[in-house]
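final_21.cif follows (mmCIF, C-alpha atoms):
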```cif
data_final
#
loop_
_atom_site.label_atom_id
_atom_site.label_comp_id
_atom_site.auth_asym_id
_atom_site.auth_seq_id
_atom_site.Cartn_x
_atom_site.Cartn_y
_atom_site.Cartn_z
CA MET A 193 6.07 11.39 24.23
CA THR A 194 4.79 8.27 22.50
CA PRO A 195 5.56 8.57 18.77
CA LYS A 196 2.81 8.27 16.20
CA HIS A 197 3.13 5.23 13.91
CA PHE A 198 1.53 4.22 10.61
CA LEU A 199 1.05 0.46 10.68
CA LYS A 200 -2.49 0.12 9.32
CA ILE A 201 -4.88 2.38 7.42
CA ASN A 202 -7.13 2.80 10.44
CA ASP A 203 -4.24 4.21 12.49
CA PHE A 204 -5.18 7.56 10.90
CA THR A 205 -8.49 9.40 10.89
CA LEU A 206 -10.22 10.71 7.78
CA ASP A 207 -9.20 14.25 8.77
CA GLU A 208 -5.57 13.18 8.96
CA PHE A 209 -5.75 11.59 5.51
CA GLU A 210 -7.36 14.70 4.04
CA TYR A 211 -4.50 16.75 5.45
CA LEU A 212 -1.99 14.19 4.18
CA PHE A 213 -3.40 14.32 0.64
CA ASP A 214 -3.38 18.13 0.66
CA ARG A 215 0.30 18.00 1.59
CA THR A 216 0.95 15.31 -1.04
CA HIS A 217 -0.54 17.54 -3.73
CA TRP A 218 1.63 20.49 -2.65
CA ILE A 219 4.81 18.43 -2.26
CA LYS A 220 4.30 16.77 -5.64
CA ASN A 221 3.76 20.15 -7.32
CA GLU A 222 6.98 21.50 -5.78
CA PHE A 223 8.83 18.43 -7.06
CA LYS A 224 7.41 18.86 -10.58
CA GLN A 225 8.45 22.53 -10.56
CA TYR A 226 12.01 21.61 -9.52
CA ARG A 227 11.69 23.68 -6.37
CA LYS A 228 13.80 22.52 -3.44
CA TYR A 229 11.86 21.64 -0.31
CA TRP A 230 14.03 20.28 2.50
CA PRO A 231 12.01 20.15 5.75
CA LEU A 232 13.82 16.99 6.93
CA THR A 233 17.41 18.24 6.73
CA ASP A 234 19.63 16.23 9.11
CA ARG A 235 16.86 13.64 9.66
CA THR A 236 17.61 9.97 9.01
CA LEU A 237 15.31 7.17 7.88
CA ALA A 238 16.23 3.55 8.62
CA MET A 239 14.71 1.13 6.09
CA ILE A 240 14.57 -2.47 7.36
CA PHE A 241 13.88 -5.09 4.68
CA ASP A 242 12.93 -8.69 5.32
CA LYS A 243 11.36 -8.96 1.84
CA HIS A 244 12.66 -7.98 -1.58
CA SER A 245 11.53 -4.63 -2.94
CA THR A 246 11.79 -2.25 -5.86
CA ARG A 247 9.10 0.43 -5.43
CA THR A 248 9.11 0.52 -1.63
CA ARG A 249 12.87 0.95 -1.33
CA LEU A 250 13.17 3.45 -4.16
CA SER A 251 10.19 5.58 -3.11
CA PHE A 252 11.28 5.82 0.53
CA GLU A 253 14.99 6.32 -0.19
CA ALA A 254 14.45 8.87 -2.96
CA GLY A 255 11.68 10.53 -0.99
CA MET A 256 13.79 11.05 2.10
CA CYS A 257 16.61 12.44 -0.05
CA GLN A 258 14.22 14.82 -1.82
CA LEU A 259 13.07 16.13 1.58
CA GLY A 260 16.67 16.89 2.54
CA GLY A 261 17.27 13.89 4.77
CA SER A 262 19.14 10.62 4.36
CA ALA A 263 18.12 6.96 4.28
CA ILE A 264 19.96 3.85 5.43
CA TYR A 265 19.16 0.44 3.94
CA LEU A 266 19.22 -2.48 6.37
CA SER A 267 18.56 -6.06 5.33
CA THR A 268 17.75 -8.60 8.02
CA ARG A 269 20.18 -10.92 6.23
CA ASP A 270 23.03 -8.49 6.88
CA THR A 271 22.19 -7.40 10.43
CA GLN A 272 21.95 -9.01 13.84
CA LEU A 273 18.20 -9.42 13.28
CA GLY A 274 19.17 -12.21 10.91
CA ARG A 275 21.24 -13.85 13.66
CA GLY A 276 18.59 -13.99 16.33
CA GLU A 277 18.56 -10.53 17.91
CA SER A 278 15.07 -9.87 19.23
CA VAL A 279 12.80 -7.41 17.47
CA GLU A 280 12.38 -5.56 20.75
CA ASP A 281 16.13 -5.11 21.30
CA ALA A 282 16.68 -4.03 17.70
CA ALA A 283 13.90 -1.44 18.04
CA ARG A 284 15.44 0.02 21.19
CA VAL A 285 18.86 0.38 19.56
CA ILE A 286 17.91 1.52 16.05
CA SER A 287 15.38 4.07 17.27
CA ARG A 288 18.12 5.78 19.33
CA MET A 289 20.18 6.37 16.20
CA VAL A 290 17.66 7.50 13.58
CA ASP A 291 14.57 9.71 13.40
CA ILE A 292 12.06 7.45 11.63
CA ILE A 293 11.91 3.77 10.63
CA MET A 294 10.22 1.86 7.79
CA ILE A 295 9.90 -1.94 7.96
CA ARG A 296 8.98 -4.37 5.17
CA THR A 297 8.55 -7.84 6.62
CA PHE A 298 6.33 -10.90 6.94
CA ASP A 299 4.09 -11.24 9.99
CA HIS A 300 2.36 -8.01 11.00
CA SER A 301 3.11 -8.68 14.66
CA ILE A 302 6.78 -7.92 13.90
CA VAL A 303 6.08 -4.27 13.03
CA GLU A 304 3.73 -3.98 16.02
CA ARG A 305 6.39 -5.32 18.39
CA PHE A 306 8.98 -3.03 16.83
CA ALA A 307 6.73 0.02 17.15
CA ASN A 308 5.93 -0.80 20.77
CA HIS A 309 9.63 -0.49 21.63
CA SER A 310 10.62 2.34 19.29
CA ARG A 311 11.31 5.90 20.38
CA VAL A 312 10.59 7.21 16.85
CA PRO A 313 7.75 6.78 14.31
CA VAL A 314 7.50 3.42 12.55
CA ILE A 315 5.96 2.94 9.10
CA ASN A 316 4.68 -0.37 7.77
CA GLY A 317 6.27 -0.78 4.33
CA LEU A 318 4.39 -4.08 3.84
CA THR A 319 3.48 -7.15 5.88
CA ASP A 320 1.66 -10.34 5.01
CA GLU A 321 -1.52 -8.75 6.35
CA TYR A 322 -1.41 -5.09 5.23
CA HIS A 323 0.15 -2.68 2.73
CA PRO A 324 -1.07 0.77 3.87
CA CYS A 325 1.45 2.91 1.95
CA GLN A 326 0.32 1.32 -1.30
CA ILE A 327 -3.34 2.05 -0.69
CA ILE A 328 -2.90 5.68 0.33
CA GLY A 329 -0.93 6.12 -2.90
CA ASP A 330 -3.76 4.43 -4.80
CA ILE A 331 -6.47 6.56 -3.20
CA PHE A 332 -4.50 9.74 -3.87
CA THR A 333 -4.20 8.64 -7.51
CA PHE A 334 -7.96 8.08 -7.72
CA ILE A 335 -8.59 11.55 -6.25
CA GLU A 336 -6.23 13.12 -8.81
CA HIS A 337 -8.20 11.59 -11.67
CA HIS A 338 -11.80 11.50 -10.40
CA GLY A 339 -12.09 13.48 -7.17
CA SER A 340 -13.40 12.13 -3.88
CA ILE A 341 -13.58 8.35 -3.49
CA LYS A 342 -16.43 8.59 -0.99
CA GLY A 343 -19.41 6.52 -2.11
CA LYS A 344 -17.53 5.02 -5.05
CA THR A 345 -17.15 1.29 -5.83
CA VAL A 346 -13.78 -0.45 -5.99
CA ALA A 347 -13.71 -3.93 -7.54
CA TRP A 348 -10.96 -6.19 -6.24
CA ILE A 349 -10.32 -9.23 -8.43
CA GLY A 350 -8.06 -12.10 -7.36
CA ASP A 351 -6.44 -13.12 -4.10
CA SER A 352 -7.69 -11.64 -0.82
CA ASN A 353 -4.13 -10.75 0.15
CA ASN A 354 -2.54 -7.91 2.13
CA VAL A 355 -3.43 -5.31 -0.51
CA CYS A 356 -7.05 -6.47 -0.58
CA ASN A 357 -7.18 -6.37 3.23
CA THR A 358 -5.97 -2.79 3.19
CA TRP A 359 -8.53 -1.73 0.59
CA LEU A 360 -11.21 -3.17 2.90
CA GLN A 361 -9.89 -1.17 5.86
CA ALA A 362 -9.69 1.96 3.73
CA ALA A 363 -13.33 1.54 2.68
CA GLU A 364 -14.39 1.91 6.30
CA VAL A 365 -12.28 5.03 6.82
CA PHE A 366 -13.10 6.77 3.51
CA ASP A 367 -16.70 5.49 3.20
CA PHE A 368 -16.60 3.72 -0.15
CA ASN A 369 -17.55 0.19 -1.21
CA VAL A 370 -15.39 -2.76 -2.21
CA HIS A 371 -16.62 -5.62 -4.38
CA VAL A 372 -14.35 -8.63 -3.86
CA SER A 373 -14.23 -11.60 -6.20
CA THR A 374 -11.91 -14.51 -5.41
CA PRO A 375 -11.82 -18.21 -6.29
CA PRO A 376 -13.27 -20.60 -3.69
CA GLY A 377 -10.86 -21.03 -0.80
CA TYR A 378 -9.31 -17.58 -1.20
CA GLU A 379 -12.13 -15.49 0.25
CA VAL A 380 -11.78 -12.52 2.61
CA GLU A 381 -11.00 -13.36 6.23
CA PRO A 382 -12.59 -10.43 8.13
CA GLU A 383 -10.59 -10.94 11.31
CA ARG A 384 -7.29 -11.14 9.42
CA ALA A 385 -8.29 -8.08 7.43
CA GLY A 386 -8.87 -6.17 10.67
CA LEU A 387 -12.44 -5.23 9.79
CA TYR A 388 -14.89 -3.77 12.29
CA GLY A 389 -17.94 -4.59 10.18
CA THR A 390 -19.06 -5.72 6.74
CA ASN A 391 -21.06 -2.68 5.60
CA HIS A 392 -18.46 -1.56 3.08
CA TYR A 393 -17.74 -4.72 1.13
CA GLU A 394 -19.52 -7.50 -0.69
CA GLU A 395 -18.19 -10.77 -2.07
CA PHE A 396 -18.98 -12.12 -5.55
CA SER A 397 -18.22 -15.56 -6.97
CA CYS A 398 -18.23 -14.17 -10.52
CA PRO A 399 -15.64 -11.43 -11.22
CA HIS A 400 -17.83 -9.86 -13.92
CA ASP A 401 -20.56 -9.31 -11.30
CA ALA A 402 -18.02 -7.68 -8.97
CA VAL A 403 -16.79 -5.32 -11.69
CA LYS A 404 -20.26 -4.25 -12.84
CA ASN A 405 -20.58 -0.43 -12.59
CA ALA A 406 -17.32 -0.15 -10.63
CA ASP A 407 -15.42 3.15 -10.53
CA LEU A 408 -12.08 1.41 -10.05
CA VAL A 409 -10.91 -2.10 -10.90
CA THR A 410 -7.77 -3.36 -9.21
CA THR A 411 -5.85 -6.58 -8.77
CA ASP A 412 -2.50 -8.03 -7.74
CA VAL A 413 -0.32 -11.02 -8.52
CA TRP A 414 -1.92 -14.38 -7.85
CA THR A 415 1.06 -15.60 -5.81
CA SER A 416 2.32 -13.18 -3.17
CA MET A 417 5.79 -13.36 -1.63
CA GLY A 418 6.03 -16.31 0.72
CA PHE A 419 3.52 -18.43 -1.23
CA GLU A 420 5.76 -19.42 -4.15
CA ASP A 421 5.25 -23.14 -3.46
CA GLU A 422 1.58 -22.66 -4.40
CA THR A 423 2.26 -21.02 -7.77
CA GLU A 424 0.96 -23.79 -10.04
CA ILE A 425 -2.06 -24.52 -7.82
CA ARG A 426 -2.95 -20.84 -7.81
CA LYS A 427 -2.59 -20.49 -11.59
CA ASN A 428 -5.26 -23.15 -12.00
CA ALA A 429 -7.52 -21.72 -9.29
CA PHE A 430 -7.31 -18.15 -10.62
CA ALA A 431 -7.54 -18.93 -14.34
CA ASP A 432 -10.93 -17.19 -14.69
CA PHE A 433 -9.85 -14.10 -12.72
CA CYS A 434 -7.63 -12.36 -15.26
CA VAL A 435 -8.65 -8.72 -15.74
CA ASP A 436 -9.07 -8.37 -19.49
CA ALA A 437 -10.89 -5.98 -21.81
CA GLU A 438 -14.09 -8.02 -21.59
CA MET A 439 -14.09 -7.77 -17.80
CA MET A 440 -13.29 -4.04 -17.83
CA ALA A 441 -16.29 -3.48 -20.12
CA TYR A 442 -18.57 -4.33 -17.18
CA ALA A 443 -17.18 -1.37 -15.20
CA LYS A 444 -18.19 2.23 -15.77
CA PRO A 445 -16.80 3.68 -19.03
CA GLU A 446 -14.63 6.11 -17.04
CA ALA A 447 -13.46 3.45 -14.55
CA LEU A 448 -9.76 3.34 -13.72
CA PHE A 449 -7.55 0.26 -13.58
CA MET A 450 -4.84 -0.10 -10.92
CA HIS A 451 -2.21 -2.67 -10.04
CA CYS A 452 0.36 -2.26 -7.28
CA LEU A 453 3.06 -3.92 -9.47
CA PRO A 454 5.05 -5.90 -10.35
CA ALA A 455 2.52 -7.35 -12.79
CA HIS A 456 2.56 -10.75 -14.46
CA ARG A 457 1.12 -9.83 -17.85
CA GLY A 458 -1.20 -12.49 -19.17
CA GLU A 459 -1.95 -13.85 -15.70
CA GLU A 460 -3.84 -11.47 -13.38
CA VAL A 461 -4.10 -8.78 -16.09
CA THR A 462 -3.71 -8.66 -19.85
CA ASN A 463 -1.19 -6.42 -21.52
CA GLU A 464 -4.08 -4.68 -23.29
CA VAL A 465 -5.59 -3.53 -19.98
CA LEU A 466 -2.29 -2.72 -18.27
CA GLU A 467 -1.26 -0.49 -21.17
CA GLY A 468 -4.79 0.71 -21.95
CA LYS A 469 -6.35 4.15 -21.62
CA GLN A 470 -8.07 3.27 -18.31
CA SER A 471 -4.84 2.15 -16.67
CA VAL A 472 -3.21 4.56 -14.21
CA VAL A 473 -0.61 2.13 -12.88
CA TRP A 474 2.34 4.41 -13.69
CA ASP A 475 0.75 7.40 -11.93
CA GLU A 476 -0.06 5.04 -9.07
CA ALA A 477 3.57 3.88 -8.82
CA GLU A 478 4.92 7.44 -8.85
CA ASN A 479 2.46 8.63 -6.24
CA ARG A 480 3.92 6.21 -3.71
CA LEU A 481 6.89 8.58 -3.70
CA HIS A 482 4.90 11.73 -3.06
CA VAL A 483 2.38 10.41 -0.54
CA GLN A 484 5.17 8.80 1.50
CA LYS A 485 7.04 12.10 1.56
CA ALA A 486 3.94 13.73 3.01
CA LEU A 487 3.60 10.84 5.47
CA MET A 488 7.16 11.17 6.74
CA GLU A 489 6.80 14.95 7.02
CA TYR A 490 3.62 14.53 9.07
CA LEU A 491 5.01 11.84 11.38
CA LEU A 492 8.15 13.88 12.08
CA LEU A 493 6.88 17.47 12.06
CA GLY A 494 3.13 17.25 12.59
CA LYS A 495 0.85 19.56 10.67
CA ILE A 496 2.68 22.31 8.81
#
```
This entry written out as C-alpha cells:
Amino acid sequence: MTPKHFLKINDFTLDEFEYLFDRTHWIKNEFKQYRKYWPLTDRTLAMIFDKHSTRTRLSFEAGMCQLGGSAIYLSTRDTQLGRGESVEDAARVISRMVDIIMIRTFDHSIVERFANHSRVPVINGLTDEYHPCQIIGDIFTFIEHHGSIKGKTVAWIGDSNNVCNTWLQAAEVFDFNVHVSTPPGYEVEPERAGLYGTNHYEEFSCPHDAVKNADLVTTDVWTSMGFEDETEIRKNAFADFCVDAEMMAYAKPEALFMHCLPAHRGEEVTNEVLEGKQSVVWDEAENRLHVQKALMEYLLLGKI
C-alpha cells in the first residue's frame, strides 16, 4: 500500500485535521496527567536534518519517545546524502529500516522526491516553501484559547516566507482569512505558496491596516535560514514591520500573538509584545510536541 505522507497542509482534509486535533487534546491531557501512553512501542522514527533545529528536533525526538518508540538523528553532513547519494536511493534504503521519517531541508522538491520513493510515511519538518507542522501546532493553540478558527482573521506581518505560505494554505482548508503585510519586493507569490485561489487572503502595504480587527497576529524572523547574506538589506526593508504594542492595539482586544521562534527581540517583535498578556508563544512551542505525536500516531496507526 502507498503510505500516507504529510508534506503540505492541503495533504489532509478538514475532517482529518479535526480528528488530529481531537487526538492532540487527548494525548496532551494524558501527558499532563503523567499517564503512560505507548502506542508506538518498537516503532522507529528517522529524523533527517539538512538545516539546524531546536524545536523540530526536540519535539519529534521527545514525542516519539513519549509514545513508546525511538528516534534516530541523521544529519546530511554525517551521512552519504552529504557525499552525493541520491535522495531516491536514500529513501529506498532508510524506509526499509524504520517506520516513519521526518525531513527538515531546503527545497521542497527534496521531500517530495523522498516521499515518492519511501515505503513508510514521510513528514515535512520544514522546507524553504512550507512548514506544516508549525502551523497545525499554531492552529491547535488558537483553538485551545479561542475555539474554532473558521471565519477568523490572521494578520501576518513581515516576510512572505515558508511559514506565511503555510498559513495561506491553511486558510483555504480551515476557511479563515489571512491579512498579509510585507515590504515591497517581499510580497506573496501565489504559485510558490501553492494556493488554489485568492479568496482567503488579502495584501496590505501598511501593517497597521493588516492588523486591524485581527483575531491573531503572527510574524517570523526577517531573515530565514539560507538568506543570511541579505540580513542588513532586510533589516532596512523591514524596519517599519516590527510588531509592537502600538501595532497590537489595532487588533481585537482579545487577539493572540504568535511567533514560531526563535525570535529576534527588537527586530520583528518587541520584548513587550513577546512577553505580554496576548502572547501565546510558549503554548505554541509546546503544542508542536503534542500535535506531532498525534500526527505520527495517525500516519502509523490510522484512526484510533
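With the shown file loaded, the PyMOL selection byres ((chain A and resi 285) around 12) picks out Ala238, Gln272, Leu273, Glu277, Ser278, Val279, Glu280, Asp281, Ala282, Ala283, Arg284, Ile286, Ser287, Arg288, Met289, Val290, Asp291, Ile293, Phe306, His309, Ser310, Arg311 and Val312 of chain A.
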Quick one: residues within 10 Å of (-3.6, -7.2, 0.8) (file frame), counting only C-alpha atoms, please, as a PDB file with C-alpha atoms, in the frame of the given file.
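Contents of part_19.pdb, freshly written:
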```pdb
ATOM      1  CA  LEU A 318       4.390  -4.080   3.840  1.00  0.00           C
ATOM      2  CA  THR A 319       3.480  -7.150   5.880  1.00  0.00           C
ATOM      3  CA  ASP A 320       1.660 -10.340   5.010  1.00  0.00           C
ATOM      4  CA  GLU A 321      -1.520  -8.750   6.350  1.00  0.00           C
ATOM      5  CA  TYR A 322      -1.410  -5.090   5.230  1.00  0.00           C
ATOM      6  CA  HIS A 323       0.150  -2.680   2.730  1.00  0.00           C
ATOM      7  CA  PRO A 324      -1.070   0.770   3.870  1.00  0.00           C
ATOM      8  CA  GLN A 326       0.320   1.320  -1.300  1.00  0.00           C
ATOM      9  CA  ILE A 327      -3.340   2.050  -0.690  1.00  0.00           C
ATOM     10  CA  ASP A 351      -6.440 -13.120  -4.100  1.00  0.00           C
ATOM     11  CA  SER A 352      -7.690 -11.640  -0.820  1.00  0.00           C
ATOM     12  CA  ASN A 353      -4.130 -10.750   0.150  1.00  0.00           C
ATOM     13  CA  ASN A 354      -2.540  -7.910   2.130  1.00  0.00           C
ATOM     14  CA  VAL A 355      -3.430  -5.310  -0.510  1.00  0.00           C
ATOM     15  CA  CYS A 356      -7.050  -6.470  -0.580  1.00  0.00           C
ATOM     16  CA  ASN A 357      -7.180  -6.370   3.230  1.00  0.00           C
ATOM     17  CA  THR A 358      -5.970  -2.790   3.190  1.00  0.00           C
ATOM     18  CA  TRP A 359      -8.530  -1.730   0.590  1.00  0.00           C
ATOM     19  CA  LEU A 360     -11.210  -3.170   2.900  1.00  0.00           C
ATOM     20  CA  VAL A 380     -11.780 -12.520   2.610  1.00  0.00           C
ATOM     21  CA  ALA A 385      -8.290  -8.080   7.430  1.00  0.00           C
ATOM     22  CA  THR A 411      -5.850  -6.580  -8.770  1.00  0.00           C
ATOM     23  CA  ASP A 412      -2.500  -8.030  -7.740  1.00  0.00           C
ATOM     24  CA  SER A 416       2.320 -13.180  -3.170  1.00  0.00           C
TER      25      SER A 416
END
```
Here's the selection I'm unsure about, the PyMOL selection byres ((chain A and resi 292) around 12); applied to the file above, which residues does it give, as an mmCIF file with C-alpha atoms, in the coordinates of the input?
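The resulting file, result.cif, is shown below:
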```cif
data_model
loop_
_atom_site.group_PDB
_atom_site.id
_atom_site.type_symbol
_atom_site.label_atom_id
_atom_site.label_comp_id
_atom_site.auth_asym_id
_atom_site.auth_seq_id
_atom_site.Cartn_x
_atom_site.Cartn_y
_atom_site.Cartn_z
ATOM 1 C CA PRO A 195 5.560 8.570 18.770
ATOM 2 C CA LYS A 196 2.810 8.270 16.200
ATOM 3 C CA HIS A 197 3.130 5.230 13.910
ATOM 4 C CA PHE A 198 1.530 4.220 10.610
ATOM 5 C CA LEU A 232 13.820 16.990 6.930
ATOM 6 C CA ASP A 234 19.630 16.230 9.110
ATOM 7 C CA ARG A 235 16.860 13.640 9.660
ATOM 8 C CA THR A 236 17.610 9.970 9.010
ATOM 9 C CA LEU A 237 15.310 7.170 7.880
ATOM 10 C CA ALA A 238 16.230 3.550 8.620
ATOM 11 C CA MET A 239 14.710 1.130 6.090
ATOM 12 C CA ILE A 240 14.570 -2.470 7.360
ATOM 13 C CA PHE A 252 11.280 5.820 0.530
ATOM 14 C CA MET A 256 13.790 11.050 2.100
ATOM 15 C CA GLY A 261 17.270 13.890 4.770
ATOM 16 C CA SER A 262 19.140 10.620 4.360
ATOM 17 C CA ALA A 263 18.120 6.960 4.280
ATOM 18 C CA ILE A 264 19.960 3.850 5.430
ATOM 19 C CA ALA A 283 13.900 -1.440 18.040
ATOM 20 C CA ILE A 286 17.910 1.520 16.050
ATOM 21 C CA SER A 287 15.380 4.070 17.270
ATOM 22 C CA ARG A 288 18.120 5.780 19.330
ATOM 23 C CA MET A 289 20.180 6.370 16.200
ATOM 24 C CA VAL A 290 17.660 7.500 13.580
ATOM 25 C CA ASP A 291 14.570 9.710 13.400
ATOM 26 C CA ILE A 293 11.910 3.770 10.630
ATOM 27 C CA MET A 294 10.220 1.860 7.790
ATOM 28 C CA ILE A 295 9.900 -1.940 7.960
ATOM 29 C CA ALA A 307 6.730 0.020 17.150
ATOM 30 C CA SER A 310 10.620 2.340 19.290
ATOM 31 C CA ARG A 311 11.310 5.900 20.380
ATOM 32 C CA VAL A 312 10.590 7.210 16.850
ATOM 33 C CA PRO A 313 7.750 6.780 14.310
ATOM 34 C CA VAL A 314 7.500 3.420 12.550
ATOM 35 C CA ILE A 315 5.960 2.940 9.100
ATOM 36 C CA ASN A 316 4.680 -0.370 7.770
ATOM 37 C CA LEU A 487 3.600 10.840 5.470
ATOM 38 C CA MET A 488 7.160 11.170 6.740
ATOM 39 C CA GLU A 489 6.800 14.950 7.020
ATOM 40 C CA TYR A 490 3.620 14.530 9.070
ATOM 41 C CA LEU A 491 5.010 11.840 11.380
ATOM 42 C CA LEU A 492 8.150 13.880 12.080
ATOM 43 C CA LEU A 493 6.880 17.470 12.060
#
```
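Residues in contact range of Gly377 in chain A, defined as at most 12 Å between all atoms listed in the file, with sequence neighbours fewer than 5 positions away removed, read Gly350, Asp351, Ser352, Ser397, Ile425, Arg426, Ala429 and Phe430 of chain A.
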At most 12 Å is the cut-off: for each residue in range 244-271 of chain A with any atom that close to an atom of range 469-484 of chain A, write down the nearest atom pair and the distance in Å rounded to one decimal, counting only C-alpha atoms, chain first then increasing number, as a tab-separated table.
```
residue	atom	partner	partner_atom	distance
A:Thr246	CA	A:Ala477	CA	10.7
A:Arg247	CA	A:Ala477	CA	7.3
A:Thr248	CA	A:Arg480	CA	8.0
A:Arg249	CA	A:Leu481	CA	10.0
A:Leu250	CA	A:Leu481	CA	8.1
A:Ser251	CA	A:Leu481	CA	4.5
A:Phe252	CA	A:Leu481	CA	6.7
A:Glu253	CA	A:Leu481	CA	9.1
A:Ala254	CA	A:Leu481	CA	7.6
A:Gly255	CA	A:Leu481	CA	5.8
A:Met256	CA	A:Gln484	CA	8.9
A:Cys257	CA	A:Leu481	CA	11.1
A:Gln258	CA	A:Leu481	CA	9.8
A:Leu259	CA	A:His482	CA	10.4
```
Item to check | From A:Thr194, A:Gln361, A:Leu466, A:Thr423, residue lying nearest Glu383 in chain A [all atoms listed in the file] | outcome: A:Gln361
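Atom to atom, CA of Trp414 in chain A and CA of Lys427 in chain A stand 7.2 Å apart.
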N, CA and C atoms are needed for range 340-356 of chain A; please write them out as a JSON list (two decimals), in the frame of the given file.
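Written output follows (selection_8.json):
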```
[["chain", "number", "residue", "atom", "x", "y", "z"],
["A", 340, "SER", "N", -13.18, 12.90, -5.10],
["A", 340, "SER", "CA", -13.40, 12.13, -3.88],
["A", 340, "SER", "C", -13.77, 10.68, -4.18],
["A", 341, "ILE", "N", -13.26, 9.77, -3.35],
["A", 341, "ILE", "CA", -13.58, 8.35, -3.49],
["A", 341, "ILE", "C", -14.79, 7.97, -2.64],
["A", 342, "LYS", "N", -15.28, 8.88, -1.84],
["A", 342, "LYS", "CA", -16.43, 8.59, -0.99],
["A", 342, "LYS", "C", -17.63, 8.14, -1.84],
["A", 343, "GLY", "N", -18.24, 7.03, -1.43],
["A", 343, "GLY", "CA", -19.41, 6.52, -2.11],
["A", 343, "GLY", "C", -19.13, 5.76, -3.40],
["A", 344, "LYS", "N", -17.88, 5.71, -3.81],
["A", 344, "LYS", "CA", -17.53, 5.02, -5.05],
["A", 344, "LYS", "C", -17.41, 3.51, -4.81],
["A", 345, "THR", "N", -17.28, 2.75, -5.90],
["A", 345, "THR", "CA", -17.15, 1.29, -5.83],
["A", 345, "THR", "C", -15.81, 0.86, -6.40],
["A", 346, "VAL", "N", -15.06, 0.13, -5.59],
["A", 346, "VAL", "CA", -13.78, -0.45, -5.99],
["A", 346, "VAL", "C", -13.99, -1.94, -6.16],
["A", 347, "ALA", "N", -13.61, -2.49, -7.31],
["A", 347, "ALA", "CA", -13.71, -3.93, -7.54],
["A", 347, "ALA", "C", -12.33, -4.55, -7.39],
["A", 348, "TRP", "N", -12.22, -5.46, -6.44],
["A", 348, "TRP", "CA", -10.96, -6.19, -6.24],
["A", 348, "TRP", "C", -11.12, -7.59, -6.82],
["A", 349, "ILE", "N", -10.24, -7.94, -7.75],
["A", 349, "ILE", "CA", -10.32, -9.23, -8.43],
["A", 349, "ILE", "C", -9.05, -10.03, -8.14],
["A", 350, "GLY", "N", -9.22, -11.25, -7.59],
["A", 350, "GLY", "CA", -8.06, -12.10, -7.36],
["A", 350, "GLY", "C", -7.94, -12.57, -5.94],
["A", 351, "ASP", "N", -6.72, -12.59, -5.43],
["A", 351, "ASP", "CA", -6.44, -13.12, -4.10],
["A", 351, "ASP", "C", -6.79, -12.10, -3.02],
["A", 352, "SER", "N", -7.39, -12.55, -1.94],
["A", 352, "SER", "CA", -7.69, -11.64, -0.82],
["A", 352, "SER", "C", -6.43, -11.52, 0.05],
["A", 353, "ASN", "N", -5.43, -10.85, -0.50],
["A", 353, "ASN", "CA", -4.13, -10.75, 0.15],
["A", 353, "ASN", "C", -4.01, -9.48, 0.99],
["A", 354, "ASN", "N", -2.77, -9.08, 1.28],
["A", 354, "ASN", "CA", -2.54, -7.91, 2.13],
["A", 354, "ASN", "C", -3.05, -6.62, 1.48],
["A", 355, "VAL", "N", -2.94, -6.51, 0.16],
["A", 355, "VAL", "CA", -3.43, -5.31, -0.51],
["A", 355, "VAL", "C", -4.96, -5.26, -0.46],
["A", 356, "CYS", "N", -5.59, -6.39, -0.69],
["A", 356, "CYS", "CA", -7.05, -6.47, -0.58],
["A", 356, "CYS", "C", -7.49, -6.12, 0.84]]
```
